[in-house]
file structure-v3.csv (CSV, C-alpha atoms)
chain,number,residue,atom,x,y,z
A,13,MET,CA,-3.6,14.7,27.9
A,14,GLN,CA,-0.8,13.5,25.6
A,15,ARG,CA,-0.2,15.3,22.3
A,16,TYR,CA,1.3,13.7,19.3
A,17,VAL,CA,3.3,15.6,16.7
A,18,LEU,CA,2.6,15.1,13.0
A,19,PHE,CA,5.7,15.6,10.9
A,20,HIS,CA,5.2,17.3,7.5
A,21,PHE,CA,6.9,15.5,4.6
A,22,GLY,CA,6.3,16.3,0.9
A,23,GLY,CA,2.8,17.4,1.4
A,24,MET,CA,1.9,14.6,3.8
A,25,HIS,CA,1.6,14.6,7.5
A,26,ILE,CA,3.5,11.8,9.1
A,27,MET,CA,2.7,10.3,12.5
A,28,PRO,CA,5.8,9.0,14.3
A,29,PRO,CA,5.7,5.2,14.3
A,30,TRP,CA,6.2,5.0,18.0
A,31,SER,CA,3.0,6.8,18.8
A,32,PRO,CA,0.0,4.7,20.0
A,33,ILE,CA,-2.1,6.1,17.3
A,34,ALA,CA,0.3,5.0,14.6
A,35,MET,CA,0.8,1.6,16.1
A,36,LYS,CA,-2.9,0.8,15.5
A,37,ASN,CA,-2.5,1.7,11.8
A,38,GLN,CA,-2.5,-1.2,9.5
A,39,HIS,CA,-0.7,0.3,6.5
A,40,TYR,CA,3.0,0.9,6.3
A,41,LEU,CA,4.6,2.7,3.4
A,42,HIS,CA,8.2,3.6,2.6
A,43,ARG,CA,8.4,7.3,1.9
A,44,ARG,CA,9.5,6.7,-1.8
A,45,ASP,CA,6.4,4.6,-2.4
A,46,ALA,CA,4.2,7.2,-0.6
A,47,LEU,CA,5.5,9.9,-2.9
A,48,ARG,CA,4.9,7.8,-6.0
A,49,LEU,CA,1.4,7.0,-4.9
A,50,LYS,CA,0.6,10.6,-4.0
A,51,GLN,CA,1.8,11.7,-7.5
A,52,LEU,CA,-0.5,9.0,-9.0
A,53,VAL,CA,-3.4,10.2,-6.9
A,54,ASP,CA,-2.8,13.8,-7.9
A,55,GLN,CA,-2.9,12.8,-11.6
A,56,LEU,CA,-6.0,10.7,-11.3
A,57,LEU,CA,-8.1,13.2,-9.3
A,58,HIS,CA,-8.0,15.5,-12.4
A,59,LEU,CA,-9.8,12.8,-14.5
A,60,ASP,CA,-13.3,11.5,-14.5
A,61,GLY,CA,-14.3,7.9,-14.2
A,62,VAL,CA,-13.6,4.8,-12.2
A,63,GLU,CA,-10.0,5.7,-11.5
A,64,VAL,CA,-11.2,8.7,-9.4
A,65,ASP,CA,-12.9,6.4,-6.9
A,66,ALA,CA,-9.7,4.2,-6.6
A,67,ALA,CA,-7.6,7.4,-6.4
A,68,GLU,CA,-9.7,8.6,-3.4
A,69,GLN,CA,-9.3,5.3,-1.7
A,70,LEU,CA,-5.5,5.3,-2.3
A,71,GLN,CA,-5.3,8.9,-1.1
A,72,GLU,CA,-6.9,7.8,2.2
A,73,ILE,CA,-4.5,4.9,2.5
A,74,VAL,CA,-1.5,7.1,2.0
A,75,ALA,CA,-2.7,9.8,4.3
A,76,ALA,CA,-3.3,7.3,7.1
A,77,ALA,CA,-0.3,5.1,6.6
A,78,THR,CA,2.7,4.9,8.9
A,79,MET,CA,5.7,6.2,6.9
A,80,LEU,CA,8.9,4.2,7.0
A,81,PRO,CA,12.3,5.6,6.1
A,82,ASP,CA,13.4,4.2,2.7
A,83,HIS,CA,16.5,2.8,4.2
A,84,THR,CA,14.8,0.5,6.7
A,85,GLY,CA,15.4,-3.2,6.2
A,86,ARG,CA,11.7,-3.9,6.8
A,87,LYS,CA,10.6,-6.5,4.3
A,88,ASP,CA,7.4,-7.7,5.9
A,89,CYS,CA,5.2,-5.0,4.3
A,90,VAL,CA,3.7,-4.9,0.8
A,91,ALA,CA,5.4,-2.2,-1.3
A,92,LEU,CA,5.3,-1.3,-4.9
A,93,HIS,CA,6.8,-4.1,-7.0
A,94,SER,CA,6.5,-6.6,-4.1
A,95,LEU,CA,5.8,-10.2,-5.0
A,96,VAL,CA,2.8,-11.1,-2.8
A,97,THR,CA,1.3,-14.5,-2.2
A,98,TYR,CA,-2.1,-14.6,-0.6
A,99,GLU,CA,-5.1,-16.9,-0.2
A,100,ALA,CA,-8.8,-16.4,0.5
A,101,ILE,CA,-9.7,-17.6,3.9
A,102,THR,CA,-12.4,-19.8,2.3
A,103,GLY,CA,-9.5,-22.2,1.6
A,104,SER,CA,-9.1,-21.6,-2.1
A,105,ALA,CA,-5.7,-21.9,-3.8
A,106,SER,CA,-3.1,-19.3,-3.1
A,107,HIS,CA,-2.3,-16.6,-5.7
A,108,THR,CA,1.0,-14.8,-6.3
A,109,ILE,CA,1.0,-11.4,-7.9
A,110,ARG,CA,3.4,-8.5,-8.3
A,111,LEU,CA,1.9,-5.1,-7.2
A,112,VAL,CA,2.7,-2.4,-9.7
A,113,LEU,CA,1.7,1.1,-10.8
A,114,PRO,CA,-1.2,1.1,-13.4
A,115,GLN,CA,1.0,1.8,-16.4
A,116,ASP,CA,3.0,-1.4,-15.6
A,117,ALA,CA,0.0,-3.7,-15.0
A,118,ASP,CA,-0.4,-6.9,-17.0
A,119,PRO,CA,-2.9,-9.3,-15.6
A,120,ASN,CA,-1.7,-12.1,-17.8
A,121,ALA,CA,1.8,-11.8,-16.2
A,122,ALA,CA,0.3,-11.5,-12.7
A,123,ARG,CA,1.4,-7.8,-12.6
A,124,ILE,CA,-1.6,-6.2,-10.8
A,125,SER,CA,-2.2,-2.5,-10.5
A,126,VAL,CA,-2.3,-0.8,-7.1
A,127,LEU,CA,-5.6,0.7,-8.2
A,128,THR,CA,-7.4,-2.6,-8.4
A,129,PRO,CA,-9.5,-3.9,-5.4
A,130,ILE,CA,-6.8,-6.4,-4.6
A,131,GLY,CA,-4.0,-3.8,-5.0
A,132,LEU,CA,-5.8,-1.3,-2.7
A,133,ALA,CA,-6.3,-4.1,-0.1
A,134,LEU,CA,-2.6,-5.2,-0.2
A,135,ILE,CA,-0.6,-2.0,-0.4
A,136,GLY,CA,1.2,-1.3,2.9
A,137,ARG,CA,-0.1,-4.4,4.7
A,138,LYS,CA,2.1,-6.8,6.7
A,139,ARG,CA,2.7,-10.5,6.2
A,140,ASN,CA,0.0,-12.7,7.9
A,141,SER,CA,-2.5,-9.8,7.8
A,142,LEU,CA,-6.1,-10.8,7.4
A,143,ILE,CA,-7.8,-8.2,5.2
A,144,GLY,CA,-11.0,-7.6,3.3
A,145,VAL,CA,-11.0,-7.0,-0.4
A,146,ASN,CA,-13.9,-4.8,-1.6
A,147,LEU,CA,-15.0,-6.7,-4.8
A,148,PRO,CA,-16.8,-4.8,-7.6
A,149,SER,CA,-19.9,-7.0,-6.9
A,150,GLY,CA,-20.1,-5.3,-3.5
A,151,ARG,CA,-19.0,-8.4,-1.7
A,152,ILE,CA,-16.0,-8.4,0.7
A,153,GLU,CA,-13.6,-11.3,0.4
A,154,LYS,CA,-11.3,-12.0,3.3
A,155,ILE,CA,-7.7,-12.9,2.4
A,156,ARG,CA,-4.5,-13.6,4.3
A,157,ILE,CA,-1.1,-12.5,3.1
A,158,LEU,CA,1.1,-15.6,3.2
A,159,ALA,CA,4.4,-14.2,1.8
A,160,ILE,CA,6.0,-11.0,0.6
A,161,GLU,CA,9.1,-10.8,-1.4
A,162,GLN,CA,10.7,-7.4,-2.0
A,163,PRO,CA,12.2,-6.5,-5.4
A,164,ASP,CA,15.7,-5.6,-6.1
A,165,THR,CA,15.5,-1.9,-5.2
A,166,THR,CA,17.7,-0.9,-8.2
A,167,ALA,CA,15.1,-2.3,-10.6
A,168,CYS,CA,12.4,0.0,-9.2
A,169,GLU,CA,14.2,3.3,-9.1
A,170,VAL,CA,12.5,6.3,-10.7
A,171,VAL,CA,14.6,7.6,-13.5
call {"tool": "encode", "arguments": {"input": "structure-v3.csv", "output": "structure tokens"}}
result
Amino acid sequence: MQRYVLFHFGGMHIMPPWSPIAMKNQHYLHRRDALRLKQLVDQLLHLDGVEVDAAEQLQEIVAAATMLPDHTGRKDCVALHSLVTYEAITGSASHTIRLVLPQDADPNAARISVLTPIGLALIGRKRNSLIGVNLPSGRIEKIRILAIEQPDTTACEVV
């Protein structure tokens, strides 16, 4: 029987990316993003309302994600502040959004919160992934990630 070691990092357990369990994982987060998202989850879990449900979903994503070192050159995964182009598999037009924290969201400028159904579906996913978006109506819409453009990292630093 093989055993896999979970590393402990900032209150999170990290599965080494080379383990077979982690390789099946569909979410990939840089440690900096994981820490920001964990802080967001901790804040929201103390509130009542719709955000609590989204926070619990985000908590599950962060807990199950494969953690990437911040210095990796990996640009094929959706991160905070990524510019993401996706389309519904029904053949509708493509959409391009920037995935942001809730306080930076502006739907009119296509800056979409990570706590929205599309934000929760996209965070940590790889280019060309086919994923389901849990819509508020209860329906699941399948989308494909067409392109991911990473931001200038200096523009996204926490001050």
call {"tool": "residues_around", "arguments": {"input": "structure-v3.csv", "residues": "His93 of chain A", "least_positions_apart": "2", "cutoff": "8 Å", "atoms": "all atoms listed in the file", "output": "PyMOL selection string"}}
result
chain A and resi 91+95+110-112+162-163+168
call {"tool": "atom_distance", "arguments": {"input": "structure-v3.csv", "atom1": "atom CA of Leu132 of chain A", "atom2": "atom CA of Pro114 of chain A"}}
result
11.9 Å
call {"tool": "atom_distance", "arguments": {"input": "structure-v3.csv", "atom1": "atom CA of Ala67 of chain A", "atom2": "atom CA of Asn146 of chain A"}}
result
14.5 Å
call {"tool": "closest_residue", "arguments": {"input": "structure-v3.csv", "among": "A:Ala75, A:Ala117, A:Pro129, A:Val64", "to": "Gly144 of chain A", "atoms": "only C-alpha atoms"}}
result
A:Pro129
call {"tool": "closest_atom_pairs", "arguments": {"input": "structure-v3.csv", "of": "segment 91-164 of chain A", "to": "segment 39-57 of chain A", "cutoff": "8 Å", "atoms": "only C-alpha atoms", "output": "JSON lines"}}
result
{"residue": "A:Ala91", "atom": "CA", "partner": "A:Leu41", "partner_atom": "CA", "distance": 6.8}
{"residue": "A:Leu92", "atom": "CA", "partner": "A:Asp45", "partner_atom": "CA", "distance": 6.5}
{"residue": "A:Ile135", "atom": "CA", "partner": "A:His39", "partner_atom": "CA", "distance": 7.3}
{"residue": "A:Gly136", "atom": "CA", "partner": "A:His39", "partner_atom": "CA", "distance": 4.4}
{"residue": "A:Arg137", "atom": "CA", "partner": "A:His39", "partner_atom": "CA", "distance": 5.1}
{"residue": "A:Lys138", "atom": "CA", "partner": "A:His39", "partner_atom": "CA", "distance": 7.6}
call {"tool": "atom_distance", "arguments": {"input": "structure-v3.csv", "atom1": "atom CA of Lys87 of chain A", "atom2": "atom CA of Ile160 of chain A"}}
result
7.4 Å
call {"tool": "closest_residue", "arguments": {"input": "structure-v3.csv", "among": "A:Arg123, A:His107, A:His58, A:His83", "to": "Leu158 of chain A", "atoms": "only C-alpha atoms"}}
result
A:His107
call {"tool": "closest_residue", "arguments": {"input": "structure-v3.csv", "among": "A:Gln71, A:Leu134, A:Ser94, A:Thr108", "to": "Gln38 of chain A", "atoms": "all atoms listed in the file"}}
result
A:Leu134
call {"tool": "build_atoms", "arguments": {"input": "structure-v3.csv", "residues": "segment 123-155 of chain A", "atoms": "N, CA and C atoms", "output": "PDB file, in the frame of the given file"}}
result
ATOM      1  N   ARG A 123       0.922  -9.133 -12.980  1.00  0.00           N
ATOM      2  CA  ARG A 123       1.400  -7.800 -12.600  1.00  0.00           C
ATOM      3  C   ARG A 123       0.096  -6.968 -12.370  1.00  0.00           C
ATOM      4  N   ILE A 124      -0.293  -6.768 -11.126  1.00  0.00           N
ATOM      5  CA  ILE A 124      -1.600  -6.200 -10.800  1.00  0.00           C
ATOM      6  C   ILE A 124      -1.426  -4.752 -10.305  1.00  0.00           C
ATOM      7  N   SER A 125      -2.276  -3.888 -10.839  1.00  0.00           N
ATOM      8  CA  SER A 125      -2.200  -2.500 -10.500  1.00  0.00           C
ATOM      9  C   SER A 125      -2.630  -2.232  -9.048  1.00  0.00           C
ATOM     10  N   VAL A 126      -1.965  -1.272  -8.449  1.00  0.00           N
ATOM     11  CA  VAL A 126      -2.300  -0.800  -7.100  1.00  0.00           C
ATOM     12  C   VAL A 126      -3.700  -0.268  -7.010  1.00  0.00           C
ATOM     13  N   LEU A 127      -4.283   0.117  -8.152  1.00  0.00           N
ATOM     14  CA  LEU A 127      -5.600   0.700  -8.200  1.00  0.00           C
ATOM     15  C   LEU A 127      -6.747  -0.330  -8.237  1.00  0.00           C
ATOM     16  N   THR A 128      -6.414  -1.602  -8.397  1.00  0.00           N
ATOM     17  CA  THR A 128      -7.400  -2.600  -8.400  1.00  0.00           C
ATOM     18  C   THR A 128      -7.893  -2.909  -6.981  1.00  0.00           C
ATOM     19  N   PRO A 129      -9.038  -3.545  -6.805  1.00  0.00           N
ATOM     20  CA  PRO A 129      -9.500  -3.900  -5.400  1.00  0.00           C
ATOM     21  C   PRO A 129      -8.421  -4.653  -4.639  1.00  0.00           C
ATOM     22  N   ILE A 130      -7.785  -5.640  -5.276  1.00  0.00           N
ATOM     23  CA  ILE A 130      -6.800  -6.400  -4.600  1.00  0.00           C
ATOM     24  C   ILE A 130      -5.539  -5.550  -4.283  1.00  0.00           C
ATOM     25  N   GLY A 131      -5.178  -4.687  -5.225  1.00  0.00           N
ATOM     26  CA  GLY A 131      -4.000  -3.800  -5.000  1.00  0.00           C
ATOM     27  C   GLY A 131      -4.250  -2.836  -3.877  1.00  0.00           C
ATOM     28  N   LEU A 132      -5.433  -2.239  -3.814  1.00  0.00           N
ATOM     29  CA  LEU A 132      -5.800  -1.300  -2.700  1.00  0.00           C
ATOM     30  C   LEU A 132      -5.792  -2.043  -1.378  1.00  0.00           C
ATOM     31  N   ALA A 133      -6.215  -3.291  -1.385  1.00  0.00           N
ATOM     32  CA  ALA A 133      -6.300  -4.100  -0.100  1.00  0.00           C
ATOM     33  C   ALA A 133      -4.880  -4.450   0.347  1.00  0.00           C
ATOM     34  N   LEU A 134      -3.960  -4.718  -0.580  1.00  0.00           N
ATOM     35  CA  LEU A 134      -2.600  -5.200  -0.200  1.00  0.00           C
ATOM     36  C   LEU A 134      -1.612  -4.156   0.125  1.00  0.00           C
ATOM     37  N   ILE A 135      -1.660  -3.011  -0.538  1.00  0.00           N
ATOM     38  CA  ILE A 135      -0.600  -2.000  -0.400  1.00  0.00           C
ATOM     39  C   ILE A 135      -0.385  -1.621   1.068  1.00  0.00           C
ATOM     40  N   GLY A 136       0.843  -1.733   1.522  1.00  0.00           N
ATOM     41  CA  GLY A 136       1.200  -1.300   2.900  1.00  0.00           C
ATOM     42  C   GLY A 136       0.843  -2.315   3.975  1.00  0.00           C
ATOM     43  N   ARG A 137       0.304  -3.456   3.631  1.00  0.00           N
ATOM     44  CA  ARG A 137      -0.100  -4.400   4.700  1.00  0.00           C
ATOM     45  C   ARG A 137       1.087  -5.345   5.007  1.00  0.00           C
ATOM     46  N   LYS A 138       1.012  -5.924   6.192  1.00  0.00           N
ATOM     47  CA  LYS A 138       2.100  -6.800   6.700  1.00  0.00           C
ATOM     48  C   LYS A 138       1.764  -8.262   6.399  1.00  0.00           C
ATOM     49  N   ARG A 139       2.833  -9.055   6.342  1.00  0.00           N
ATOM     50  CA  ARG A 139       2.700 -10.500   6.200  1.00  0.00           C
ATOM     51  C   ARG A 139       1.818 -11.052   7.297  1.00  0.00           C
ATOM     52  N   ASN A 140       0.995 -12.011   6.987  1.00  0.00           N
ATOM     53  CA  ASN A 140       0.000 -12.700   7.900  1.00  0.00           C
ATOM     54  C   ASN A 140      -1.191 -11.830   8.196  1.00  0.00           C
ATOM     55  N   SER A 141      -1.306 -10.651   7.578  1.00  0.00           N
ATOM     56  CA  SER A 141      -2.500  -9.800   7.800  1.00  0.00           C
ATOM     57  C   SER A 141      -3.719 -10.516   7.194  1.00  0.00           C
ATOM     58  N   LEU A 142      -4.823 -10.391   7.881  1.00  0.00           N
ATOM     59  CA  LEU A 142      -6.100 -10.800   7.400  1.00  0.00           C
ATOM     60  C   LEU A 142      -6.873  -9.587   6.998  1.00  0.00           C
ATOM     61  N   ILE A 143      -7.189  -9.450   5.717  1.00  0.00           N
ATOM     62  CA  ILE A 143      -7.800  -8.200   5.200  1.00  0.00           C
ATOM     63  C   ILE A 143      -8.982  -8.485   4.332  1.00  0.00           C
ATOM     64  N   GLY A 144      -9.822  -7.485   4.188  1.00  0.00           N
ATOM     65  CA  GLY A 144     -11.000  -7.600   3.300  1.00  0.00           C
ATOM     66  C   GLY A 144     -10.719  -6.897   2.002  1.00  0.00           C
ATOM     67  N   VAL A 145     -11.136  -7.545   0.925  1.00  0.00           N
ATOM     68  CA  VAL A 145     -11.000  -7.000  -0.400  1.00  0.00           C
ATOM     69  C   VAL A 145     -12.424  -6.604  -0.859  1.00  0.00           C
ATOM     70  N   ASN A 146     -12.626  -5.313  -1.162  1.00  0.00           N
ATOM     71  CA  ASN A 146     -13.900  -4.800  -1.600  1.00  0.00           C
ATOM     72  C   ASN A 146     -14.068  -5.176  -3.111  1.00  0.00           C
ATOM     73  N   LEU A 147     -14.811  -6.213  -3.424  1.00  0.00           N
ATOM     74  CA  LEU A 147     -15.000  -6.700  -4.800  1.00  0.00           C
ATOM     75  C   LEU A 147     -15.991  -5.763  -5.534  1.00  0.00           C
ATOM     76  N   PRO A 148     -15.872  -5.671  -6.866  1.00  0.00           N
ATOM     77  CA  PRO A 148     -16.800  -4.800  -7.600  1.00  0.00           C
ATOM     78  C   PRO A 148     -18.271  -5.245  -7.452  1.00  0.00           C
ATOM     79  N   SER A 149     -18.514  -6.489  -7.099  1.00  0.00           N
ATOM     80  CA  SER A 149     -19.900  -7.000  -6.900  1.00  0.00           C
ATOM     81  C   SER A 149     -20.494  -6.429  -5.593  1.00  0.00           C
ATOM     82  N   GLY A 150     -19.648  -5.779  -4.774  1.00  0.00           N
ATOM     83  CA  GLY A 150     -20.100  -5.300  -3.500  1.00  0.00           C
ATOM     84  C   GLY A 150     -19.814  -6.232  -2.342  1.00  0.00           C
ATOM     85  N   ARG A 151     -19.398  -7.438  -2.681  1.00  0.00           N
ATOM     86  CA  ARG A 151     -19.000  -8.400  -1.700  1.00  0.00           C
ATOM     87  C   ARG A 151     -17.630  -8.158  -1.161  1.00  0.00           C
ATOM     88  N   ILE A 152     -17.375  -8.532   0.073  1.00  0.00           N
ATOM     89  CA  ILE A 152     -16.000  -8.400   0.700  1.00  0.00           C
ATOM     90  C   ILE A 152     -15.464  -9.794   0.835  1.00  0.00           C
ATOM     91  N   GLU A 153     -14.304 -10.014   0.218  1.00  0.00           N
ATOM     92  CA  GLU A 153     -13.600 -11.300   0.400  1.00  0.00           C
ATOM     93  C   GLU A 153     -12.458 -11.136   1.314  1.00  0.00           C
ATOM     94  N   LYS A 154     -12.378 -12.012   2.299  1.00  0.00           N
ATOM     95  CA  LYS A 154     -11.300 -12.000   3.300  1.00  0.00           C
ATOM     96  C   LYS A 154     -10.108 -12.784   2.726  1.00  0.00           C
ATOM     97  N   ILE A 155      -8.922 -12.174   2.794  1.00  0.00           N
ATOM     98  CA  ILE A 155      -7.700 -12.900   2.400  1.00  0.00           C
ATOM     99  C   ILE A 155      -6.636 -12.744   3.429  1.00  0.00           C
TER     100      ILE A 155
END
